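Engineer: Have a peek at entry-v6.cif (mmCIF, N, CA and C atoms and all ligand atoms).
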```cif
data_start
loop_
_atom_site.group_PDB
_atom_site.id
_atom_site.type_symbol
_atom_site.label_atom_id
_atom_site.label_comp_id
_atom_site.auth_asym_id
_atom_site.auth_seq_id
_atom_site.Cartn_x
_atom_site.Cartn_y
_atom_site.Cartn_z
ATOM 1 N N MET A 1 22.038 112.167 46.881
ATOM 2 C CA MET A 1 21.929 110.895 47.603
ATOM 3 C C MET A 1 22.812 110.912 48.840
ATOM 4 N N THR A 2 22.187 110.808 49.946
ATOM 5 C CA THR A 2 22.999 110.680 51.151
ATOM 6 C C THR A 2 23.520 109.296 51.205
ATOM 7 N N SER A 3 24.690 109.183 51.622
ATOM 8 C CA SER A 3 25.273 107.907 51.404
ATOM 9 C C SER A 3 25.978 107.335 52.573
ATOM 10 N N VAL A 4 26.432 106.153 52.339
ATOM 11 C CA VAL A 4 27.173 105.420 53.361
ATOM 12 C C VAL A 4 28.383 106.215 53.783
ATOM 13 N N ASN A 5 29.033 106.849 52.833
ATOM 14 C CA ASN A 5 30.262 107.577 53.152
ATOM 15 C C ASN A 5 30.004 108.662 54.182
ATOM 16 N N GLU A 6 28.897 109.350 54.038
ATOM 17 C CA GLU A 6 28.588 110.391 55.010
ATOM 18 C C GLU A 6 28.373 109.798 56.394
ATOM 19 N N ALA A 7 27.628 108.724 56.437
ATOM 20 C CA ALA A 7 27.344 108.075 57.715
ATOM 21 C C ALA A 7 28.623 107.555 58.336
ATOM 22 N N VAL A 8 29.437 106.946 57.518
ATOM 23 C CA VAL A 8 30.702 106.410 58.025
ATOM 24 C C VAL A 8 31.591 107.540 58.503
ATOM 25 N N GLY A 9 31.554 108.653 57.777
ATOM 26 C CA GLY A 9 32.344 109.803 58.179
ATOM 27 C C GLY A 9 31.934 110.297 59.550
ATOM 28 N N ALA A 10 30.645 110.288 59.811
ATOM 29 C CA ALA A 10 30.144 110.731 61.102
ATOM 30 C C ALA A 10 30.632 109.795 62.197
ATOM 31 N N VAL A 11 30.652 108.518 61.864
ATOM 32 C CA VAL A 11 31.082 107.526 62.846
ATOM 33 C C VAL A 11 32.578 107.650 63.103
ATOM 34 N N ALA A 12 33.326 107.841 62.016
ATOM 35 C CA ALA A 12 34.783 107.885 62.129
ATOM 36 C C ALA A 12 35.268 109.210 62.689
ATOM 37 N N ASP A 13 34.359 110.121 62.851
ATOM 38 C CA ASP A 13 34.694 111.450 63.334
ATOM 39 C C ASP A 13 35.429 111.399 64.664
ATOM 40 N N GLY A 14 35.010 110.485 65.498
ATOM 41 C CA GLY A 14 35.699 110.327 66.770
ATOM 42 C C GLY A 14 35.148 111.218 67.855
ATOM 43 N N SER A 15 34.263 112.147 67.485
ATOM 44 C CA SER A 15 33.671 112.994 68.507
ATOM 45 C C SER A 15 32.544 112.237 69.173
ATOM 46 N N GLY A 16 32.711 111.925 70.420
ATOM 47 C CA GLY A 16 31.645 111.221 71.125
ATOM 48 C C GLY A 16 31.758 109.719 71.014
ATOM 49 N N ASP A 17 30.653 109.082 71.307
ATOM 50 C CA ASP A 17 30.604 107.632 71.379
ATOM 51 C C ASP A 17 30.408 107.027 69.991
ATOM 52 N N PRO A 18 31.360 106.249 69.534
ATOM 53 C CA PRO A 18 31.238 105.667 68.189
ATOM 54 C C PRO A 18 30.070 104.704 68.073
ATOM 55 N N VAL A 19 29.743 104.019 69.147
ATOM 56 C CA VAL A 19 28.612 103.097 69.103
ATOM 57 C C VAL A 19 27.305 103.871 68.937
ATOM 58 N N ALA A 20 27.172 104.927 69.707
ATOM 59 C CA ALA A 20 25.969 105.754 69.610
ATOM 60 C C ALA A 20 25.896 106.431 68.251
ATOM 61 N N ALA A 21 27.047 106.862 67.751
ATOM 62 C CA ALA A 21 27.079 107.519 66.450
ATOM 63 C C ALA A 21 26.672 106.547 65.355
ATOM 64 N N ALA A 22 27.139 105.311 65.463
ATOM 65 C CA ALA A 22 26.798 104.302 64.458
ATOM 66 C C ALA A 22 25.311 103.994 64.507
ATOM 67 N N ARG A 23 24.758 103.916 65.698
ATOM 68 C CA ARG A 23 23.339 103.612 65.813
ATOM 69 C C ARG A 23 22.507 104.776 65.295
ATOM 70 N N LEU A 24 22.966 105.971 65.582
ATOM 71 C CA LEU A 24 22.259 107.153 65.108
ATOM 72 C C LEU A 24 22.267 107.198 63.584
ATOM 73 N N ALA A 25 23.402 106.879 63.010
ATOM 74 C CA ALA A 25 23.504 106.868 61.543
ATOM 75 C C ALA A 25 22.505 105.878 60.972
ATOM 76 N N TYR A 26 22.382 104.725 61.612
ATOM 77 C CA TYR A 26 21.431 103.724 61.137
ATOM 78 C C TYR A 26 19.995 104.210 61.302
ATOM 79 N N GLU A 27 19.702 104.770 62.460
ATOM 80 C CA GLU A 27 18.333 105.225 62.711
ATOM 81 C C GLU A 27 17.935 106.339 61.752
ATOM 82 N N GLN A 28 18.876 107.234 61.498
ATOM 83 C CA GLN A 28 18.585 108.317 60.567
ATOM 84 C C GLN A 28 18.361 107.766 59.171
ATOM 85 N N HIS A 29 19.128 106.782 58.805
ATOM 86 C CA HIS A 29 18.947 106.189 57.490
ATOM 87 C C HIS A 29 17.582 105.500 57.400
ATOM 88 N N ALA A 30 17.269 104.709 58.421
ATOM 89 C CA ALA A 30 16.013 103.955 58.407
ATOM 90 C C ALA A 30 14.819 104.886 58.271
ATOM 91 N N ARG A 31 14.960 106.071 58.852
ATOM 92 C CA ARG A 31 13.864 107.038 58.790
ATOM 93 C C ARG A 31 13.809 107.707 57.408
ATOM 94 N N ALA A 32 14.957 107.907 56.825
ATOM 95 C CA ALA A 32 15.012 108.660 55.573
ATOM 96 C C ALA A 32 14.881 107.772 54.346
ATOM 97 N N CYS A 33 15.215 106.501 54.490
ATOM 98 C CA CYS A 33 15.266 105.626 53.323
ATOM 99 C C CYS A 33 13.875 105.097 52.972
ATOM 100 N N ARG A 34 13.493 105.328 51.738
ATOM 101 C CA ARG A 34 12.166 104.908 51.314
ATOM 102 C C ARG A 34 12.063 103.388 51.278
ATOM 103 N N GLN A 35 13.112 102.773 50.863
ATOM 104 C CA GLN A 35 13.085 101.318 50.759
ATOM 105 C C GLN A 35 12.963 100.664 52.128
ATOM 106 N N CYS A 36 13.706 101.179 53.099
ATOM 107 C CA CYS A 36 13.651 100.603 54.442
ATOM 108 C C CYS A 36 12.268 100.818 55.057
ATOM 109 N N ARG A 37 11.674 101.946 54.771
ATOM 110 C CA ARG A 37 10.365 102.232 55.360
ATOM 111 C C ARG A 37 9.269 101.456 54.668
ATOM 112 N N ALA A 38 9.427 101.219 53.375
ATOM 113 C CA ALA A 38 8.366 100.583 52.600
ATOM 114 C C ALA A 38 8.099 99.159 53.038
ATOM 115 N N ASP A 39 9.113 98.319 53.045
ATOM 116 C CA ASP A 39 8.842 96.918 53.383
ATOM 117 C C ASP A 39 9.448 96.491 54.700
ATOM 118 N N GLY A 40 10.062 97.411 55.412
ATOM 119 C CA GLY A 40 10.665 97.019 56.681
ATOM 120 C C GLY A 40 11.869 96.125 56.482
ATOM 121 N N ALA A 41 12.218 95.917 55.232
ATOM 122 C CA ALA A 41 13.419 95.128 54.949
ATOM 123 C C ALA A 41 14.602 96.076 54.876
ATOM 124 N N HIS A 42 15.744 95.588 55.254
ATOM 125 C CA HIS A 42 16.922 96.434 55.232
ATOM 126 C C HIS A 42 17.543 96.453 53.850
ATOM 127 N N CYS A 43 17.778 97.644 53.364
ATOM 128 C CA CYS A 43 18.477 97.761 52.089
ATOM 129 C C CYS A 43 19.976 97.583 52.337
ATOM 130 N N ALA A 44 20.733 97.639 51.267
ATOM 131 C CA ALA A 44 22.179 97.388 51.376
ATOM 132 C C ALA A 44 22.849 98.394 52.302
ATOM 133 N N VAL A 45 22.396 99.637 52.227
ATOM 134 C CA VAL A 45 22.993 100.674 53.070
ATOM 135 C C VAL A 45 22.695 100.396 54.540
ATOM 136 N N ALA A 46 21.445 100.014 54.822
ATOM 137 C CA ALA A 46 21.066 99.731 56.201
ATOM 138 C C ALA A 46 21.887 98.571 56.752
ATOM 139 N N LYS A 47 22.083 97.554 55.936
ATOM 140 C CA LYS A 47 22.878 96.409 56.379
ATOM 141 C C LYS A 47 24.300 96.835 56.691
ATOM 142 N N HIS A 48 24.820 97.700 55.817
ATOM 143 C CA HIS A 48 26.175 98.201 56.020
ATOM 144 C C HIS A 48 26.266 98.975 57.339
ATOM 145 N N LEU A 49 25.276 99.817 57.583
ATOM 146 C CA LEU A 49 25.287 100.618 58.804
ATOM 147 C C LEU A 49 25.135 99.738 60.036
ATOM 148 N N LEU A 50 24.312 98.701 59.923
ATOM 149 C CA LEU A 50 24.142 97.781 61.048
ATOM 150 C C LEU A 50 25.449 97.065 61.356
ATOM 151 N N ARG A 51 26.167 96.724 60.288
ATOM 152 C CA ARG A 51 27.441 96.031 60.484
ATOM 153 C C ARG A 51 28.426 96.954 61.200
ATOM 154 N N ILE A 52 28.427 98.215 60.799
ATOM 155 C CA ILE A 52 29.315 99.184 61.448
ATOM 156 C C ILE A 52 28.957 99.305 62.925
ATOM 157 N N HIS A 53 27.660 99.327 63.190
ATOM 158 C CA HIS A 53 27.199 99.430 64.578
ATOM 159 C C HIS A 53 27.667 98.219 65.381
ATOM 160 N N ASN A 54 27.494 97.047 64.802
ATOM 161 C CA ASN A 54 27.927 95.825 65.486
ATOM 162 C C ASN A 54 29.416 95.832 65.748
ATOM 163 N N ASN A 55 30.178 96.253 64.751
ATOM 164 C CA ASN A 55 31.632 96.299 64.896
ATOM 165 C C ASN A 55 32.034 97.272 66.002
ATOM 166 N N ALA A 56 31.373 98.427 66.022
ATOM 167 C CA ALA A 56 31.693 99.436 67.038
ATOM 168 C C ALA A 56 31.363 98.909 68.423
ATOM 169 N N ARG A 57 30.233 98.205 68.500
ATOM 170 C CA ARG A 57 29.814 97.662 69.795
ATOM 171 C C ARG A 57 30.812 96.610 70.266
ATOM 172 N N ARG A 58 31.237 95.786 69.315
ATOM 173 C CA ARG A 58 32.176 94.735 69.662
ATOM 174 C C ARG A 58 33.512 95.351 70.114
ATOM 175 N N ALA A 59 33.923 96.373 69.376
ATOM 176 C CA ALA A 59 35.196 97.030 69.708
ATOM 177 C C ALA A 59 35.113 97.677 71.087
ATOM 178 N N ALA A 60 33.969 98.277 71.378
ATOM 179 C CA ALA A 60 33.809 98.937 72.669
ATOM 180 C C ALA A 60 33.772 97.919 73.789
ATOM 181 N N GLY A 61 33.131 96.768 73.509
ATOM 182 C CA GLY A 61 33.019 95.744 74.534
ATOM 183 C C GLY A 61 34.342 95.057 74.805
ATOM 184 N N ALA A 62 35.177 95.009 73.779
ATOM 185 C CA ALA A 62 36.445 94.306 73.916
ATOM 186 C C ALA A 62 37.427 95.100 74.748
ATOM 187 N N ARG A 63 37.148 96.363 74.916
ATOM 188 C CA ARG A 63 38.079 97.205 75.643
ATOM 189 C C ARG A 63 38.107 96.925 77.119
HETATM 190 ZN ZN ZN A 101 17.664 101.834 53.481
#
```
Before anything else, please render the file you have as structure tokens.
Ligand SMILES: [Zn+2]
Structural biologist:
Amino acid sequence: MTSVNEAVGAVADGSGDPVAAARLAYEQHARACRQCRADGAHCAVAKHLLRIHNNARRAAGAR
């Protein structure tokens, strides 16, 4: 099971743009997750990744 921890690890890596990394993690999940693809509804992991993306965006904007 690929998990939130892996995605978060990629984001926290610090290599490159954290906002882009967070969005990429979400997009990769949305593509790979059967639940997200089935009903277009966000599963718990997708929501978590979206929140990380929002936080990263907010942090970047606040700078
Ligand atoms: Zn999902």
Engineer: Got a sec to resolve the PyMOL selection byres (((not hetatm) and name CA) within 10 of (chain A and resi 101)) on this structure and send the residues as a ChimeraX atom specification?
Structural biologist: /A:3,26-38,40-49
Engineer: Write out as JSON an axis-aligned box for range 56-60 of chain A: all of its atoms listed in the file, 8 Å added on each side, centre and edge lengths in Å with one decimal.
Structural biologist:
```
{"center_x": 32.5, "center_y": 97.1, "center_z": 69.9, "size_x": 21.4, "size_y": 20.7, "size_z": 23.8}
```
Engineer: Tell me which residues the PyMOL selection byres (((chain A and resi 53) around 8) and not hetatm) grabs here, as an mmCIF file with N, CA and C atoms, in the coordinates of the input.
Structural biologist:
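After the write, result.cif holds the following:
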```
data_model
loop_
_atom_site.group_PDB
_atom_site.id
_atom_site.type_symbol
_atom_site.label_atom_id
_atom_site.label_comp_id
_atom_site.auth_asym_id
_atom_site.auth_seq_id
_atom_site.Cartn_x
_atom_site.Cartn_y
_atom_site.Cartn_z
ATOM 1 N N PRO A 18 31.360 106.249 69.534
ATOM 2 C CA PRO A 18 31.238 105.667 68.189
ATOM 3 C C PRO A 18 30.070 104.704 68.073
ATOM 4 N N VAL A 19 29.743 104.019 69.147
ATOM 5 C CA VAL A 19 28.612 103.097 69.103
ATOM 6 C C VAL A 19 27.305 103.871 68.937
ATOM 7 N N ALA A 20 27.172 104.927 69.707
ATOM 8 C CA ALA A 20 25.969 105.754 69.610
ATOM 9 C C ALA A 20 25.896 106.431 68.251
ATOM 10 N N ALA A 21 27.047 106.862 67.751
ATOM 11 C CA ALA A 21 27.079 107.519 66.450
ATOM 12 C C ALA A 21 26.672 106.547 65.355
ATOM 13 N N ALA A 22 27.139 105.311 65.463
ATOM 14 C CA ALA A 22 26.798 104.302 64.458
ATOM 15 C C ALA A 22 25.311 103.994 64.507
ATOM 16 N N ARG A 23 24.758 103.916 65.698
ATOM 17 C CA ARG A 23 23.339 103.612 65.813
ATOM 18 C C ARG A 23 22.507 104.776 65.295
ATOM 19 N N LEU A 24 22.966 105.971 65.582
ATOM 20 C CA LEU A 24 22.259 107.153 65.108
ATOM 21 C C LEU A 24 22.267 107.198 63.584
ATOM 22 N N TYR A 26 22.382 104.725 61.612
ATOM 23 C CA TYR A 26 21.431 103.724 61.137
ATOM 24 C C TYR A 26 19.995 104.210 61.302
ATOM 25 N N LYS A 47 22.083 97.554 55.936
ATOM 26 C CA LYS A 47 22.878 96.409 56.379
ATOM 27 C C LYS A 47 24.300 96.835 56.691
ATOM 28 N N HIS A 48 24.820 97.700 55.817
ATOM 29 C CA HIS A 48 26.175 98.201 56.020
ATOM 30 C C HIS A 48 26.266 98.975 57.339
ATOM 31 N N LEU A 49 25.276 99.817 57.583
ATOM 32 C CA LEU A 49 25.287 100.618 58.804
ATOM 33 C C LEU A 49 25.135 99.738 60.036
ATOM 34 N N LEU A 50 24.312 98.701 59.923
ATOM 35 C CA LEU A 50 24.142 97.781 61.048
ATOM 36 C C LEU A 50 25.449 97.065 61.356
ATOM 37 N N ARG A 51 26.167 96.724 60.288
ATOM 38 C CA ARG A 51 27.441 96.031 60.484
ATOM 39 C C ARG A 51 28.426 96.954 61.200
ATOM 40 N N ILE A 52 28.427 98.215 60.799
ATOM 41 C CA ILE A 52 29.315 99.184 61.448
ATOM 42 C C ILE A 52 28.957 99.305 62.925
ATOM 43 N N ASN A 54 27.494 97.047 64.802
ATOM 44 C CA ASN A 54 27.927 95.825 65.486
ATOM 45 C C ASN A 54 29.416 95.832 65.748
ATOM 46 N N ASN A 55 30.178 96.253 64.751
ATOM 47 C CA ASN A 55 31.632 96.299 64.896
ATOM 48 C C ASN A 55 32.034 97.272 66.002
ATOM 49 N N ALA A 56 31.373 98.427 66.022
ATOM 50 C CA ALA A 56 31.693 99.436 67.038
ATOM 51 C C ALA A 56 31.363 98.909 68.423
ATOM 52 N N ARG A 57 30.233 98.205 68.500
ATOM 53 C CA ARG A 57 29.814 97.662 69.795
ATOM 54 C C ARG A 57 30.812 96.610 70.266
ATOM 55 N N ARG A 58 31.237 95.786 69.315
ATOM 56 C CA ARG A 58 32.176 94.735 69.662
ATOM 57 C C ARG A 58 33.512 95.351 70.114
ATOM 58 N N ALA A 59 33.923 96.373 69.376
ATOM 59 C CA ALA A 59 35.196 97.030 69.708
ATOM 60 C C ALA A 59 35.113 97.677 71.087
#
```
